[in-house]
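What's in input-v6.cif: mmCIF, C-alpha atoms
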```cif
data_input
loop_
_atom_site.label_atom_id
_atom_site.label_comp_id
_atom_site.auth_asym_id
_atom_site.auth_seq_id
_atom_site.Cartn_x
_atom_site.Cartn_y
_atom_site.Cartn_z
CA MET B 1 40.91 16.14 10.79
CA HIS B 2 38.58 14.99 8.08
CA ARG B 3 40.98 12.27 6.91
CA THR B 4 41.39 10.90 10.44
CA ARG B 5 37.67 10.78 10.91
CA VAL B 6 37.11 8.80 7.72
CA ARG B 7 39.71 6.24 8.78
CA VAL B 8 37.92 5.71 12.09
CA VAL B 9 34.55 5.20 10.39
CA GLU B 10 36.07 2.61 8.08
CA GLY B 11 37.44 0.75 11.08
CA VAL B 12 34.02 0.69 12.69
CA LEU B 13 32.44 -0.64 9.52
CA ASP B 14 34.94 -3.47 9.36
CA ALA B 15 34.22 -4.49 12.95
CA ASN B 16 30.52 -4.28 12.15
CA ASP B 17 30.90 -6.67 9.23
CA THR B 18 32.77 -9.17 11.40
CA ILE B 19 29.96 -9.20 13.96
CA ALA B 20 27.33 -9.28 11.20
CA ARG B 21 28.90 -12.48 9.86
CA ALA B 22 28.71 -14.03 13.33
CA ASN B 23 25.03 -13.08 13.59
CA ARG B 24 24.38 -14.53 10.15
CA ALA B 25 26.00 -17.83 11.15
CA ASP B 26 23.72 -18.03 14.20
CA PHE B 27 20.63 -17.30 12.12
CA ASP B 28 21.65 -19.95 9.58
CA ALA B 29 22.27 -22.51 12.33
CA ALA B 30 18.79 -21.83 13.70
CA ASP B 31 17.25 -22.04 10.21
CA VAL B 32 15.72 -18.58 10.56
CA ALA B 33 15.43 -16.23 7.58
CA VAL B 34 16.25 -12.69 8.62
CA VAL B 35 14.87 -9.57 6.93
CA ASN B 36 16.31 -6.13 7.68
CA LEU B 37 13.27 -3.86 7.17
CA MET B 38 14.26 -0.25 6.61
CA GLY B 39 12.65 3.03 5.58
CA PRO B 40 12.06 6.61 6.67
CA PRO B 41 10.10 7.48 9.82
CA GLY B 42 6.37 7.30 9.21
CA ALA B 43 6.46 5.15 6.07
CA GLY B 44 4.30 2.61 7.91
CA LYS B 45 6.80 -0.13 8.77
CA THR B 46 5.11 -1.05 12.06
CA SER B 47 1.58 -0.76 10.68
CA LEU B 48 2.58 -3.03 7.83
CA LEU B 49 4.07 -5.58 10.24
CA GLU B 50 0.89 -5.49 12.34
CA ARG B 51 -1.18 -6.19 9.25
CA THR B 52 1.27 -8.86 8.09
CA VAL B 53 1.32 -10.97 11.24
CA ARG B 54 -2.39 -10.69 12.05
CA ASP B 55 -4.00 -14.05 11.21
CA LEU B 56 -0.79 -15.14 9.51
CA THR B 57 -0.58 -18.89 8.96
CA GLY B 58 2.12 -21.19 7.59
CA VAL B 59 5.12 -19.13 8.64
CA ARG B 60 6.14 -18.15 12.16
CA VAL B 61 7.37 -14.55 12.31
CA GLY B 62 9.30 -12.88 15.11
CA VAL B 63 10.19 -9.19 15.27
CA LEU B 64 13.20 -7.30 16.54
CA GLU B 65 12.28 -3.63 16.99
CA GLY B 66 14.95 -0.96 16.73
CA ASP B 67 14.07 2.48 18.05
CA VAL B 68 16.01 5.41 19.44
CA GLN B 69 13.80 5.43 22.50
CA GLY B 70 10.74 3.69 23.96
CA SER B 71 8.94 0.48 23.07
CA LEU B 72 5.82 1.84 21.37
CA ASP B 73 6.20 -0.30 18.25
CA ALA B 74 7.14 -3.44 20.18
CA ASP B 75 4.11 -2.97 22.44
CA ARG B 76 1.83 -2.68 19.40
CA LEU B 77 3.18 -5.92 17.93
CA ALA B 78 3.24 -7.83 21.22
CA THR B 79 -0.56 -7.55 21.44
CA LEU B 80 -0.68 -9.70 18.29
CA HIS B 81 1.07 -12.57 20.12
CA VAL B 82 4.23 -12.41 18.06
CA PRO B 83 7.62 -12.78 19.79
CA VAL B 84 8.95 -9.22 19.90
CA THR B 85 12.28 -7.98 21.22
CA GLN B 86 13.09 -4.27 21.59
CA ILE B 87 16.47 -2.60 21.12
CA ASN B 88 16.81 1.05 22.08
CA THR B 89 19.76 2.79 20.45
CA ASP B 90 19.63 5.60 23.01
CA PRO B 91 21.07 4.30 26.31
CA GLY B 92 24.57 2.98 25.86
CA PHE B 93 24.65 3.54 22.10
CA GLY B 94 24.48 7.35 22.07
CA GLY B 95 21.11 7.68 20.30
CA GLU B 96 22.27 6.03 17.09
CA CYS B 97 20.15 6.61 14.00
CA HIS B 98 20.50 3.00 12.82
CA LEU B 99 20.97 -0.52 14.11
CA ASP B 100 24.39 -2.09 13.81
CA ALA B 101 25.51 -5.70 14.07
CA ASN B 102 26.64 -5.38 17.67
CA MET B 103 23.26 -4.08 18.83
CA VAL B 104 21.56 -7.03 17.13
CA ARG B 105 24.13 -9.40 18.65
CA SER B 106 23.36 -8.05 22.13
CA ALA B 107 19.68 -8.81 21.53
CA LEU B 108 20.22 -12.38 20.26
CA PRO B 109 19.84 -14.10 23.66
CA SER B 110 16.38 -12.51 23.97
CA ILE B 111 15.09 -13.74 20.61
CA PRO B 112 13.41 -17.20 20.62
CA LEU B 113 14.97 -18.33 17.33
CA GLU B 114 13.73 -21.90 17.83
CA GLU B 115 10.11 -20.68 17.77
CA ILE B 116 10.24 -18.74 14.49
CA ASP B 117 10.90 -19.19 10.77
CA VAL B 118 11.44 -15.55 9.89
CA LEU B 119 12.85 -12.71 11.97
CA VAL B 120 11.96 -9.23 10.75
CA ILE B 121 14.31 -6.59 12.13
CA GLU B 122 12.53 -3.25 12.00
CA ASN B 123 15.34 -0.73 11.78
CA VAL B 124 15.32 2.84 13.08
CA GLY B 125 13.30 5.10 10.78
CA ASN B 126 15.96 6.67 8.56
CA LEU B 127 16.51 6.73 4.81
CA VAL B 128 20.30 7.06 5.00
CA CYS B 129 22.43 5.27 7.59
CA PRO B 130 20.69 1.91 8.16
CA ALA B 131 21.66 0.95 4.59
CA GLU B 132 25.33 1.30 5.53
CA PHE B 133 25.31 -1.26 8.36
CA ARG B 134 24.76 -4.97 7.78
CA VAL B 135 23.40 -6.71 10.86
CA GLY B 136 23.59 -10.34 9.71
CA GLU B 137 20.40 -10.32 7.63
CA HIS B 138 19.69 -12.52 4.60
CA HIS B 139 17.46 -9.91 2.96
CA ARG B 140 17.19 -6.15 2.90
CA VAL B 141 13.74 -4.74 2.26
CA MET B 142 12.53 -1.17 2.47
CA VAL B 143 9.18 0.50 2.95
CA ALA B 144 8.59 3.73 1.06
CA SER B 145 5.26 5.52 1.06
CA VAL B 146 3.49 7.49 -1.64
CA THR B 147 3.09 10.53 0.62
CA GLU B 148 6.87 11.08 0.52
CA GLY B 149 6.81 12.14 -3.13
CA GLU B 150 8.32 10.70 -6.30
CA ASP B 151 11.86 12.02 -5.86
CA LYS B 152 13.19 10.01 -2.89
CA PRO B 153 15.04 7.30 -4.89
CA LEU B 154 17.03 10.05 -6.64
CA LYS B 155 17.83 11.86 -3.38
CA TYR B 156 18.58 8.79 -1.23
CA PRO B 157 19.82 6.25 -3.79
CA LEU B 158 21.93 4.13 -1.42
CA MET B 159 18.92 2.80 0.49
CA PHE B 160 17.02 1.96 -2.69
CA ARG B 161 20.13 0.23 -4.11
CA ALA B 162 20.82 -1.72 -0.92
CA CYS B 163 17.40 -3.39 -0.90
CA GLU B 164 16.23 -6.30 -3.01
CA LEU B 165 12.57 -5.47 -2.47
CA VAL B 166 10.83 -2.09 -2.24
CA LEU B 167 7.40 -2.05 -0.62
CA ILE B 168 5.46 1.04 -1.71
CA ASN B 169 2.95 1.64 1.06
CA LYS B 170 -0.14 3.86 1.52
CA ILE B 171 -1.33 3.42 -2.08
CA ASP B 172 -4.89 4.04 -0.80
CA LEU B 173 -3.89 7.72 -0.50
CA VAL B 174 -2.83 8.20 -4.13
CA PRO B 175 -6.17 9.73 -5.21
CA HIS B 176 -5.71 12.48 -2.61
CA LEU B 177 -2.16 13.49 -3.58
CA ASP B 178 -0.44 15.40 -6.39
CA PHE B 179 1.58 12.29 -7.03
CA GLU B 180 2.37 9.98 -9.96
CA LEU B 181 2.94 6.36 -8.96
CA ASP B 182 4.50 5.54 -12.35
CA LYS B 183 7.06 8.28 -11.82
CA LEU B 184 8.11 6.91 -8.40
CA ILE B 185 8.47 3.41 -9.87
CA ARG B 186 10.53 4.80 -12.77
CA HIS B 187 12.83 6.52 -10.26
CA VAL B 188 13.22 3.32 -8.21
CA GLU B 189 14.11 1.46 -11.41
CA ALA B 190 16.52 4.24 -12.43
CA VAL B 191 18.67 3.84 -9.31
CA HIS B 192 18.25 0.05 -8.95
CA THR B 193 17.49 -1.70 -12.22
CA GLY B 194 15.48 -4.88 -11.84
CA VAL B 195 14.64 -4.46 -8.15
CA SER B 196 11.37 -6.06 -7.03
CA VAL B 197 8.56 -3.65 -6.17
CA LEU B 198 5.30 -4.47 -4.39
CA LEU B 199 2.45 -1.96 -4.06
CA MET B 200 0.43 -2.12 -0.88
CA SER B 201 -1.65 -0.47 1.78
CA ALA B 202 -1.20 -1.53 5.37
CA ARG B 203 -4.46 0.30 6.05
CA THR B 204 -6.71 -1.47 3.54
CA GLY B 205 -4.67 -4.68 3.31
CA GLU B 206 -4.27 -4.37 -0.46
CA GLY B 207 -1.08 -6.11 -1.60
CA VAL B 208 -0.20 -7.45 1.85
CA GLU B 209 -0.80 -11.05 0.73
CA ASP B 210 2.00 -10.69 -1.86
CA TRP B 211 4.36 -9.55 0.88
CA ARG B 212 3.31 -12.47 3.13
CA ARG B 213 4.04 -14.83 0.24
CA TRP B 214 7.45 -13.24 -0.20
CA LEU B 215 8.21 -13.79 3.51
CA ALA B 216 7.12 -17.45 3.31
CA GLN B 217 9.37 -17.98 0.29
CA ALA B 218 12.28 -16.32 2.10
CA ALA B 219 11.77 -18.77 4.98
CA GLY B 220 11.74 -21.68 2.51
CA ARG B 221 14.97 -20.57 0.88
CA VAL B 222 16.85 -20.71 4.19
CA SER B 223 15.58 -24.24 4.85
CA GLU B 224 16.82 -25.38 1.44
CA ARG B 225 20.21 -23.82 1.96
CA VAL B 226 20.92 -25.11 5.46
CA MET X 227 36.28 -0.40 21.00
CA HIS X 228 33.00 1.23 21.85
CA ARG X 229 34.66 3.64 24.29
CA THR X 230 37.20 4.76 21.69
CA ARG X 231 34.45 5.42 19.21
CA VAL X 232 32.49 7.55 21.65
CA ARG X 233 35.55 9.66 22.44
CA VAL X 234 36.07 10.37 18.74
CA VAL X 235 32.44 11.41 18.26
CA GLU X 236 32.68 13.80 21.20
CA GLY X 237 35.80 15.36 19.69
CA VAL X 238 33.99 15.89 16.41
CA LEU X 239 31.03 17.51 18.16
CA ASP X 240 33.33 19.95 19.94
CA ALA X 241 35.01 20.97 16.70
CA ASN X 242 31.55 21.30 15.16
CA ASP X 243 30.47 23.73 17.85
CA THR X 244 33.58 25.85 17.35
CA ILE X 245 32.88 26.17 13.64
CA ALA X 246 29.17 26.74 14.27
CA ARG X 247 30.07 29.73 16.44
CA ALA X 248 32.22 31.14 13.63
CA ASN X 249 29.32 30.72 11.18
CA ARG X 250 26.97 32.41 13.61
CA ALA X 251 29.32 35.39 13.93
CA ASP X 252 29.37 35.77 10.15
CA PHE X 253 25.57 35.58 9.94
CA ASP X 254 25.24 38.19 12.70
CA ALA X 255 27.74 40.49 11.01
CA ALA X 256 25.71 40.25 7.77
CA ASP X 257 22.45 40.84 9.67
CA VAL X 258 20.94 37.61 8.30
CA ALA X 259 18.60 35.47 10.40
CA VAL X 260 19.37 31.79 9.88
CA VAL X 261 16.83 29.00 10.24
CA ASN X 262 17.92 25.37 10.35
CA LEU X 263 14.91 23.57 8.83
CA MET X 264 14.83 19.89 9.69
CA GLY X 265 12.48 16.92 9.42
CA PRO X 266 12.15 13.41 8.01
CA PRO X 267 12.37 12.69 4.27
CA GLY X 268 9.09 13.44 2.53
CA ALA X 269 7.60 15.70 5.21
CA GLY X 270 7.36 18.43 2.57
CA LYS X 271 10.24 20.74 3.50
CA THR X 272 11.00 21.73 -0.09
CA SER X 273 7.35 22.02 -1.13
CA LEU X 274 6.75 24.26 1.86
CA LEU X 275 9.74 26.45 0.95
CA GLU X 276 8.48 26.70 -2.63
CA ARG X 277 5.09 27.84 -1.38
CA THR X 278 6.71 30.19 1.15
CA VAL X 279 8.96 32.11 -1.23
CA ARG X 280 6.47 32.33 -4.12
CA ASP X 281 5.19 35.93 -4.26
CA LEU X 282 6.85 36.65 -0.92
CA THR X 283 7.22 40.35 -0.18
CA GLY X 284 8.85 42.29 2.64
CA VAL X 285 11.55 39.76 3.51
CA ARG X 286 14.32 38.47 1.25
CA VAL X 287 14.87 34.74 1.70
CA GLY X 288 17.83 32.68 0.54
CA VAL X 289 18.09 28.91 0.76
CA LEU X 290 20.96 26.54 1.47
CA GLU X 291 19.98 23.03 0.38
CA GLY X 292 21.54 20.00 2.05
CA ASP X 293 21.15 16.68 0.28
CA VAL X 294 23.08 13.44 0.20
CA GLN X 295 23.18 13.60 -3.58
CA GLY X 296 21.88 15.69 -6.47
CA SER X 297 20.40 19.17 -6.68
CA LEU X 298 16.71 18.37 -7.26
CA ASP X 299 15.47 20.56 -4.42
CA ALA X 300 17.82 23.43 -5.26
CA ASP X 301 16.72 23.29 -8.89
CA ARG X 302 13.05 23.48 -7.85
CA LEU X 303 13.70 26.56 -5.71
CA ALA X 304 16.00 28.29 -8.21
CA THR X 305 13.09 28.53 -10.67
CA LEU X 306 11.42 30.82 -8.13
CA HIS X 307 14.30 33.32 -8.42
CA VAL X 308 15.54 32.81 -4.87
CA PRO X 309 19.30 32.62 -4.22
CA VAL X 310 19.90 28.88 -3.67
CA THR X 311 23.14 27.12 -2.79
CA GLN X 312 23.46 23.32 -2.79
CA ILE X 313 25.60 21.21 -0.46
CA ASN X 314 25.92 17.52 -1.20
CA THR X 315 27.02 15.44 1.77
CA ASP X 316 28.02 12.55 -0.49
CA PRO X 317 31.32 13.46 -2.22
CA GLY X 318 34.01 14.28 0.31
CA PHE X 319 31.77 13.85 3.33
CA GLY X 320 31.03 10.12 3.01
CA GLY X 321 27.27 10.40 2.48
CA GLU X 322 26.52 12.02 5.81
CA CYS X 323 22.91 11.91 7.00
CA HIS X 324 23.00 15.48 8.31
CA LEU X 325 24.64 18.84 7.73
CA ASP X 326 27.40 19.93 10.09
CA ALA X 327 28.94 23.33 10.73
CA ASN X 328 31.94 22.67 8.50
CA MET X 329 29.78 21.82 5.49
CA VAL X 330 27.84 25.05 5.98
CA ARG X 331 31.13 26.96 6.42
CA SER X 332 32.41 25.58 3.13
CA ALA X 333 29.26 26.88 1.43
CA LEU X 334 29.43 30.38 2.93
CA PRO X 335 31.42 31.99 0.07
CA SER X 336 28.63 30.89 -2.32
CA ILE X 337 25.79 32.45 -0.34
CA PRO X 338 24.99 36.11 -1.19
CA LEU X 339 24.41 37.16 2.43
CA GLU X 340 24.23 40.84 1.47
CA GLU X 341 21.17 40.16 -0.71
CA ILE X 342 19.03 38.37 1.88
CA ASP X 343 17.38 38.91 5.27
CA VAL X 344 16.75 35.25 6.13
CA LEU X 345 18.71 32.15 5.18
CA VAL X 346 16.78 28.91 5.44
CA ILE X 347 19.08 25.89 5.63
CA GLU X 348 17.11 22.85 4.50
CA ASN X 349 18.84 19.97 6.25
CA VAL X 350 19.09 16.36 5.01
CA GLY X 351 15.79 14.54 5.55
CA ASN X 352 16.36 12.71 8.83
CA LEU X 353 14.53 12.75 12.16
CA VAL X 354 17.59 11.86 14.27
CA CYS X 355 21.08 13.22 13.54
CA PRO X 356 20.53 16.76 12.21
CA ALA X 357 19.28 17.74 15.69
CA GLU X 358 22.71 16.82 17.12
CA PHE X 359 24.74 19.22 14.97
CA ARG X 360 24.49 23.00 15.27
CA VAL X 361 25.50 24.78 12.08
CA GLY X 362 25.49 28.39 13.30
CA GLU X 363 21.72 28.93 13.03
CA HIS X 364 19.65 31.33 15.15
CA HIS X 365 16.54 29.16 15.01
CA ARG X 366 15.76 25.47 14.69
CA VAL X 367 12.46 24.60 13.08
CA MET X 368 11.12 21.23 12.01
CA VAL X 369 8.53 20.04 9.53
CA ALA X 370 6.47 17.02 10.55
CA SER X 371 3.59 15.74 8.46
CA VAL X 372 0.30 14.19 9.46
CA THR X 373 0.90 11.11 7.27
CA GLU X 374 3.74 10.03 9.58
CA GLY X 375 1.36 9.17 12.42
CA GLU X 376 0.86 10.54 15.91
CA ASP X 377 3.74 8.71 17.65
CA LYS X 378 6.84 10.36 16.15
CA PRO X 379 7.48 12.87 19.00
CA LEU X 380 7.61 9.96 21.46
CA LYS X 381 9.94 7.90 19.25
CA TYR X 382 12.25 10.71 18.12
CA PRO X 383 12.05 13.18 21.03
CA LEU X 384 15.44 14.85 20.51
CA MET X 385 14.40 16.50 17.25
CA PHE X 386 11.13 17.75 18.69
CA ARG X 387 12.97 19.10 21.76
CA ALA X 388 15.70 20.77 19.71
CA CYS X 389 13.25 22.91 17.73
CA GLU X 390 11.49 26.05 18.86
CA LEU X 391 8.80 25.72 16.19
CA VAL X 392 7.10 22.61 14.80
CA LEU X 393 5.35 22.99 11.44
CA ILE X 394 2.74 20.27 11.01
CA ASN X 395 2.33 19.90 7.26
CA LYS X 396 -0.15 18.13 4.93
CA ILE X 397 -3.17 18.91 7.10
CA ASP X 398 -5.29 18.75 3.93
CA LEU X 399 -4.85 14.95 4.11
CA VAL X 400 -6.27 14.50 7.63
CA PRO X 401 -9.77 13.52 6.41
CA HIS X 402 -8.24 10.61 4.47
CA LEU X 403 -6.17 9.15 7.34
CA ASP X 404 -6.76 7.15 10.51
CA PHE X 405 -5.13 9.97 12.39
CA GLU X 406 -5.92 12.28 15.31
CA LEU X 407 -4.35 15.72 15.01
CA ASP X 408 -5.04 16.48 18.70
CA LYS X 409 -3.10 13.39 19.69
CA LEU X 410 -0.03 14.41 17.66
CA ILE X 411 -0.12 17.90 19.21
CA ARG X 412 -0.45 16.37 22.70
CA HIS X 413 2.63 14.21 22.00
CA VAL X 414 4.61 17.22 20.74
CA GLU X 415 3.66 19.09 23.92
CA ALA X 416 4.55 16.05 26.06
CA VAL X 417 8.18 15.98 24.88
CA HIS X 418 8.59 19.77 24.52
CA THR X 419 6.29 21.78 26.77
CA GLY X 420 5.38 25.18 25.39
CA VAL X 421 6.89 24.70 21.91
CA SER X 422 5.21 26.70 19.14
CA VAL X 423 3.17 24.68 16.65
CA LEU X 424 1.78 25.86 13.31
CA LEU X 425 -0.62 23.78 11.22
CA MET X 426 -0.28 24.07 7.48
CA SER X 427 -0.57 22.61 4.03
CA ALA X 428 2.10 23.43 1.49
CA ARG X 429 -0.32 22.06 -1.11
CA THR X 430 -3.35 24.26 -0.37
CA GLY X 431 -1.42 27.14 1.20
CA GLU X 432 -3.41 26.96 4.43
CA GLY X 433 -1.34 28.26 7.34
CA VAL X 434 1.62 29.31 5.17
CA GLU X 435 0.99 33.01 5.88
CA ASP X 436 1.59 32.37 9.62
CA TRP X 437 4.93 30.78 8.79
CA ARG X 438 5.87 33.71 6.52
CA ARG X 439 5.06 36.08 9.37
CA TRP X 440 7.26 34.02 11.71
CA LEU X 441 10.15 34.30 9.21
CA ALA X 442 9.70 38.07 8.90
CA GLN X 443 9.72 38.43 12.68
CA ALA X 444 12.85 36.28 12.91
CA ALA X 445 14.54 38.63 10.44
CA GLY X 446 13.44 41.62 12.50
CA ARG X 447 14.86 40.17 15.70
CA VAL X 448 18.34 39.87 14.18
CA SER X 449 18.25 43.53 13.05
CA GLU X 450 17.34 44.65 16.57
CA ARG X 451 20.14 42.63 18.11
CA VAL X 452 22.94 43.66 15.77
#
```

Take the structure in the file and write it out as structure tokens.
Amino acid sequence: MHRTRVRVVEGVLDANDTIARANRADFDAADVAVVNLMGPPGAGKTSLLERTVRDLTGVRVGVLEGDVQGSLDADRLATLHVPVTQINTDPGFGGECHLDANMVRSALPSIPLEEIDVLVIENVGNLVCPAEFRVGEHHRVMVASVTEGEDKPLKYPLMFRACELVLINKIDLVPHLDFELDKLIRHVEAVHTGVSVLLMSARTGEGVEDWRRWLAQAAGRVSERV
Amino acid sequence: MHRTRVRVVEGVLDANDTIARANRADFDAADVAVVNLMGPPGAGKTSLLERTVRDLTGVRVGVLEGDVQGSLDADRLATLHVPVTQINTDPGFGGECHLDANMVRSALPSIPLEEIDVLVIENVGNLVCPAEFRVGEHHRVMVASVTEGEDKPLKYPLMFRACELVLINKIDLVPHLDFELDKLIRHVEAVHTGVSVLLMSARTGEGVEDWRRWLAQAAGRVSERV
């Protein structure tokens, strides 16, 4: 039974990649840079996006929110006058713990690609499966937070390897934790040599400007390529 | 294609339940209470277990550690002279984001059931899928932490509904967060009316005695039933 099951999963992944390539072609045609933003639940992905888009100038950001249920995160972002689209993985998708290319494809007609330079896809909070499913993105970025401890890169290496940029959030809390920031960074480097790391706090705003600059550069790179 | 995939997943769940029942029968026969301990990555499951078993008297606890890769958590617990068995979901299981009944079954010969009263199965850190797979446990308990924000019960209701006890960890950090503990508890209650909630800090030890008492009572209940 186990062998059969593995064959089915491989088939699904292949279909996913086909649809992801179609999504990517549409994003390229619209000259929109797409970032798949991943991370565990509670790492601060939505808070960071709120902080990022508030008073943002020079680059037009849209957000696609992936959640199992509800539109809490989308509602938070919509108040900041950013185009936000919500996907729920619960009805019709069986409560999936990740976004896949077909879910993103089904949301495409609702995303005003002509009005934005960058689309940030906030994936379902999960440190495992989202890394296994491409959705048509140009960039994969993850948010980790210092409250999760130093060992997560060693325990969930695939996610840290899949991303080109690791945002380490909640650094304002370091003084209140039994936690060594250097150790976390060493572990990130151990599983993904040379990966970019930015330290930040969505709460205080520290480091968020570096992340905004990264997003603006990502938008520029798509324009050059197209 | 989507329909086919759903049928396969349902088949797997049925097989899982069959094996879970076999596990449960073995646990009952050995008079061991089994707790499936779930929660997102970094909520402090392992730290809480370390604190729980240190100097514990009156109830003999064993641990089954589920991780995608590595044995970091098992190694931490083994230093406390508790029987620990490690399952990795990576080799042979395709990097699963949860434990299932068959994985637990394959670990059974390595667990000294005759030496323990309670087996705590620390699931893979994930707020979605572990709640969908029974492994033969008597009790489902989750660890949430205050650093994850107040909204998680509303966004990931299945996990909060699946558990009979919610341990809210890291309460020592509340003074340093923009966070309302009452609001989190209201949200837990909103998705699972009447669920038991214990507040604790694995770091300071606050509340851990209540959780130890709960474990001892769980062990007692199995003895009465068998």

Residue members of the PyMOL selection byres ((chain X) within 9 of (chain B)) in the file shown, as a VMD selection string: chain X and resid 227 to 228 231 to 232 234 238 266 to 270 293 to 298 319 to 323 351 to 355 371 373 to 375 377 to 378 380 to 383 399 402 to 404 429

Selection result for the PyMOL selection byres ((chain X and resi 257) around 12) on this file, as a ChimeraX atom specification: /X:250-256,258-260,286,339-345,364,444-452

Segment 191-195 of chain B environment, 8 Å, all atoms listed in the file, sequence neighbours closer than 6 positions dropped, as a list in words: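 Once the adjacent positions are removed, what remains is Pro153, Leu154, Pro157, Phe160, Arg161, Cys163, Glu164, Leu165 and Val166 of chain B.
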
Length of the atom CA of Gly433 of chain X to atom CA of Arg277 of chain X vector [Å]: 10.8 Å

Atom CA of Arg438 of chain X to atom CA of Arg247 of chain X, straight-line distance in Å: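 Atom CA of Arg438 of chain X lies at a distance of 26.5 Å from atom CA of Arg247 of chain X.
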
Length of the atom CA of Ile121 of chain B to atom CA of Thr204 of chain B vector [Å]: 23.3 Å

Is it possible to produce a file of segment 360-373 of chain X from this structure, with N, CA, C and O atoms, as a PDB file, in the first residue's frame?
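File produced: result-v5.pdb:
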```pdb
ATOM      1  N   ARG X 360      -5.508   9.785  13.670  1.00  0.00           N
ATOM      2  CA  ARG X 360      -5.428   9.115  14.971  1.00  0.00           C
ATOM      3  C   ARG X 360      -4.292   8.106  14.922  1.00  0.00           C
ATOM      4  O   ARG X 360      -4.013   7.520  13.872  1.00  0.00           O
ATOM      5  N   VAL X 361      -3.618   7.932  16.048  1.00  0.00           N
ATOM      6  CA  VAL X 361      -2.490   6.996  16.081  1.00  0.00           C
ATOM      7  C   VAL X 361      -2.693   5.901  17.122  1.00  0.00           C
ATOM      8  O   VAL X 361      -1.794   5.101  17.356  1.00  0.00           O
ATOM      9  N   GLY X 362      -3.877   5.895  17.755  1.00  0.00           N
ATOM     10  CA  GLY X 362      -4.160   4.894  18.790  1.00  0.00           C
ATOM     11  C   GLY X 362      -4.157   5.498  20.188  1.00  0.00           C
ATOM     12  O   GLY X 362      -4.234   4.783  21.191  1.00  0.00           O
ATOM     13  N   GLU X 363      -4.090   6.814  20.257  1.00  0.00           N
ATOM     14  CA  GLU X 363      -3.993   7.522  21.544  1.00  0.00           C
ATOM     15  C   GLU X 363      -5.315   7.474  22.313  1.00  0.00           C
ATOM     16  O   GLU X 363      -6.381   7.323  21.722  1.00  0.00           O
ATOM     17  N   HIS X 364      -5.228   7.649  23.655  1.00  0.00           N
ATOM     18  CA  HIS X 364      -6.419   7.843  24.474  1.00  0.00           C
ATOM     19  C   HIS X 364      -6.795   9.320  24.531  1.00  0.00           C
ATOM     20  O   HIS X 364      -7.956   9.657  24.688  1.00  0.00           O
ATOM     21  N   HIS X 365      -5.784  10.184  24.498  1.00  0.00           N
ATOM     22  CA  HIS X 365      -6.017  11.613  24.703  1.00  0.00           C
ATOM     23  C   HIS X 365      -5.279  12.434  23.653  1.00  0.00           C
ATOM     24  O   HIS X 365      -4.161  12.101  23.266  1.00  0.00           O
ATOM     25  N   ARG X 366      -5.916  13.522  23.221  1.00  0.00           N
ATOM     26  CA  ARG X 366      -5.239  14.454  22.324  1.00  0.00           C
ATOM     27  C   ARG X 366      -5.099  15.794  23.034  1.00  0.00           C
ATOM     28  O   ARG X 366      -6.084  16.377  23.507  1.00  0.00           O
ATOM     29  N   VAL X 367      -3.881  16.249  23.110  1.00  0.00           N
ATOM     30  CA  VAL X 367      -3.546  17.474  23.842  1.00  0.00           C
ATOM     31  C   VAL X 367      -2.706  18.339  22.914  1.00  0.00           C
ATOM     32  O   VAL X 367      -1.906  17.824  22.137  1.00  0.00           O
ATOM     33  N   MET X 368      -2.901  19.649  22.972  1.00  0.00           N
ATOM     34  CA  MET X 368      -2.060  20.503  22.140  1.00  0.00           C
ATOM     35  C   MET X 368      -1.363  21.566  22.973  1.00  0.00           C
ATOM     36  O   MET X 368      -1.831  21.970  24.039  1.00  0.00           O
ATOM     37  N   VAL X 369      -0.206  21.984  22.464  1.00  0.00           N
ATOM     38  CA  VAL X 369       0.525  23.098  23.057  1.00  0.00           C
ATOM     39  C   VAL X 369       0.410  24.279  22.102  1.00  0.00           C
ATOM     40  O   VAL X 369       0.761  24.168  20.918  1.00  0.00           O
ATOM     41  N   ALA X 370      -0.124  25.382  22.592  1.00  0.00           N
ATOM     42  CA  ALA X 370      -0.105  26.641  21.849  1.00  0.00           C
ATOM     43  C   ALA X 370       0.780  27.579  22.653  1.00  0.00           C
ATOM     44  O   ALA X 370       1.007  27.356  23.835  1.00  0.00           O
ATOM     45  N   SER X 371       1.316  28.609  22.031  1.00  0.00           N
ATOM     46  CA  SER X 371       2.105  29.538  22.831  1.00  0.00           C
ATOM     47  C   SER X 371       1.632  30.959  22.586  1.00  0.00           C
ATOM     48  O   SER X 371       1.111  31.284  21.508  1.00  0.00           O
ATOM     49  N   VAL X 372       1.826  31.793  23.597  1.00  0.00           N
ATOM     50  CA  VAL X 372       1.296  33.153  23.532  1.00  0.00           C
ATOM     51  C   VAL X 372       1.963  33.977  22.435  1.00  0.00           C
ATOM     52  O   VAL X 372       1.371  34.942  21.940  1.00  0.00           O
ATOM     53  N   THR X 373       3.177  33.609  22.027  1.00  0.00           N
ATOM     54  CA  THR X 373       3.862  34.394  20.989  1.00  0.00           C
ATOM     55  C   THR X 373       3.236  34.205  19.612  1.00  0.00           C
ATOM     56  O   THR X 373       3.561  34.935  18.684  1.00  0.00           O
TER      57      THR X 373
END
```
